[in-house]
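The structure appears below as structure tokens.
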Amino acid sequence: MIAAAARVAFMAILVAAAGAATADVAEPDGYRLENYRSPTPATLRGARVIGTDEAETIWRGHAASFVDVLPRPPRPRDLPAGTLWRDKPRANIPGSIWLPDTGYGELAPSMADYFSRGLEKATHGDRARMLVLYCLADCWMSWNAAKRALVLGYSNVVWYPEGTDGWLNSLLPLQDSTPEPRPDE
């Protein structure tokens, strides 16, 4: 009994420490350019930051367009003919559009255009429509993408930093997804 209580107390300390570490991360002026899987800031100037409960409410109400920006490794160009290639599966929030590789700090012009066209598709051209951007927990990709959406003139940008990790931990449904074809596909 005492050992179980000690384990619970230890876990509570770890969770509190993780939350404190996130709160201490300063919001950079520009985009994050490296170490994308690391603690993120608690804020994003110009955007609303939400947790899983609010993300679920928005999702259930069909009040926003959800955009996943998790990267996806491309099929290697030099694979010999006939070589079997299997994409790594990605399960995301049902109804989301997946725009892989758009959360990096620097985007090639073709990828910046791909992101812009993807947001246009997700919002049906309505730059005031609520736009929820996410990937995984402790992932700067979604922070960068949400910041980029603001720069593109979207006025109702929401950043969901827990992403599919938080969604899955709350036992909410996920669905297998297929990314929007990238410019080189």
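Residues are referred to by chain and number: the chain letter is A, B, ... according to the order shown in the structure tokens, the number counts from 1 in that chain, and ligands are numbered separately from 1 in the order shown.
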Task: Expected answer as a ChimeraX atom specification: strand (DSSP E or B) residues in stretch 30-115 of chain A - done: /A:48-49,64-68,91-92,97-98
Which residues of stretch 8-93 of chain A sit at most 10 Å from stretch 158-169 of chain A, using only C-alpha atoms? Give each one's shortest atom pair and distance in Å (one decimal place), in chain and ascending residue order, as JSON lines.
{"residue": "A:Pro39", "atom": "CA", "partner": "A:Pro161", "partner_atom": "CA", "distance": 9.9}
{"residue": "A:Thr40", "atom": "CA", "partner": "A:Pro161", "partner_atom": "CA", "distance": 7.9}
{"residue": "A:Pro41", "atom": "CA", "partner": "A:Pro161", "partner_atom": "CA", "distance": 9.1}
{"residue": "A:Ala42", "atom": "CA", "partner": "A:Pro161", "partner_atom": "CA", "distance": 8.5}
{"residue": "A:Thr43", "atom": "CA", "partner": "A:Trp159", "partner_atom": "CA", "distance": 8.8}
{"residue": "A:Leu44", "atom": "CA", "partner": "A:Trp159", "partner_atom": "CA", "distance": 7.7}
{"residue": "A:Gly46", "atom": "CA", "partner": "A:Val158", "partner_atom": "CA", "distance": 9.1}
{"residue": "A:Ala47", "atom": "CA", "partner": "A:Val158", "partner_atom": "CA", "distance": 5.4}
{"residue": "A:Arg48", "atom": "CA", "partner": "A:Val158", "partner_atom": "CA", "distance": 4.7}
{"residue": "A:Val49", "atom": "CA", "partner": "A:Trp159", "partner_atom": "CA", "distance": 4.9}
{"residue": "A:Ile50", "atom": "CA", "partner": "A:Tyr160", "partner_atom": "CA", "distance": 5.3}
{"residue": "A:Gly51", "atom": "CA", "partner": "A:Tyr160", "partner_atom": "CA", "distance": 6.2}
{"residue": "A:Thr52", "atom": "CA", "partner": "A:Gly166", "partner_atom": "CA", "distance": 6.1}
{"residue": "A:Asp53", "atom": "CA", "partner": "A:Trp167", "partner_atom": "CA", "distance": 8.9}
{"residue": "A:Glu54", "atom": "CA", "partner": "A:Tyr160", "partner_atom": "CA", "distance": 9.2}
{"residue": "A:Ala55", "atom": "CA", "partner": "A:Tyr160", "partner_atom": "CA", "distance": 7.1}
{"residue": "A:Glu56", "atom": "CA", "partner": "A:Trp167", "partner_atom": "CA", "distance": 8.2}
{"residue": "A:Ala64", "atom": "CA", "partner": "A:Val158", "partner_atom": "CA", "distance": 9.2}
{"residue": "A:Ser65", "atom": "CA", "partner": "A:Val158", "partner_atom": "CA", "distance": 9.9}
{"residue": "A:Phe66", "atom": "CA", "partner": "A:Val158", "partner_atom": "CA", "distance": 9.3}
{"residue": "A:Val67", "atom": "CA", "partner": "A:Trp159", "partner_atom": "CA", "distance": 10.0}
{"residue": "A:Asp68", "atom": "CA", "partner": "A:Gly163", "partner_atom": "CA", "distance": 8.3}
{"residue": "A:Val69", "atom": "CA", "partner": "A:Gly163", "partner_atom": "CA", "distance": 10.0}
{"residue": "A:Leu70", "atom": "CA", "partner": "A:Gly163", "partner_atom": "CA", "distance": 9.7}
{"residue": "A:Arg90", "atom": "CA", "partner": "A:Thr164", "partner_atom": "CA", "distance": 9.9}
{"residue": "A:Ala91", "atom": "CA", "partner": "A:Thr164", "partner_atom": "CA", "distance": 8.1}
{"residue": "A:Asn92", "atom": "CA", "partner": "A:Thr164", "partner_atom": "CA", "distance": 6.2}
{"residue": "A:Ile93", "atom": "CA", "partner": "A:Thr164", "partner_atom": "CA", "distance": 6.9}
Open item on the list: as a ChimeraX atom specification, please: the residues near stretch 118-124 of chain A (cut-off 7 Å, only C-alpha atoms, same-chain neighbours under 3 positions excluded).
Closed with: /A:65,97,99,114-115,127,129
Task: Residue nearest A:Pro181 - candidates A:Arg37, A:Arg77, A:Arg72, A:Arg60, atoms counted: only C-alpha atoms - done: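 Of all the options, A:Arg72 lies closest to A:Pro181.
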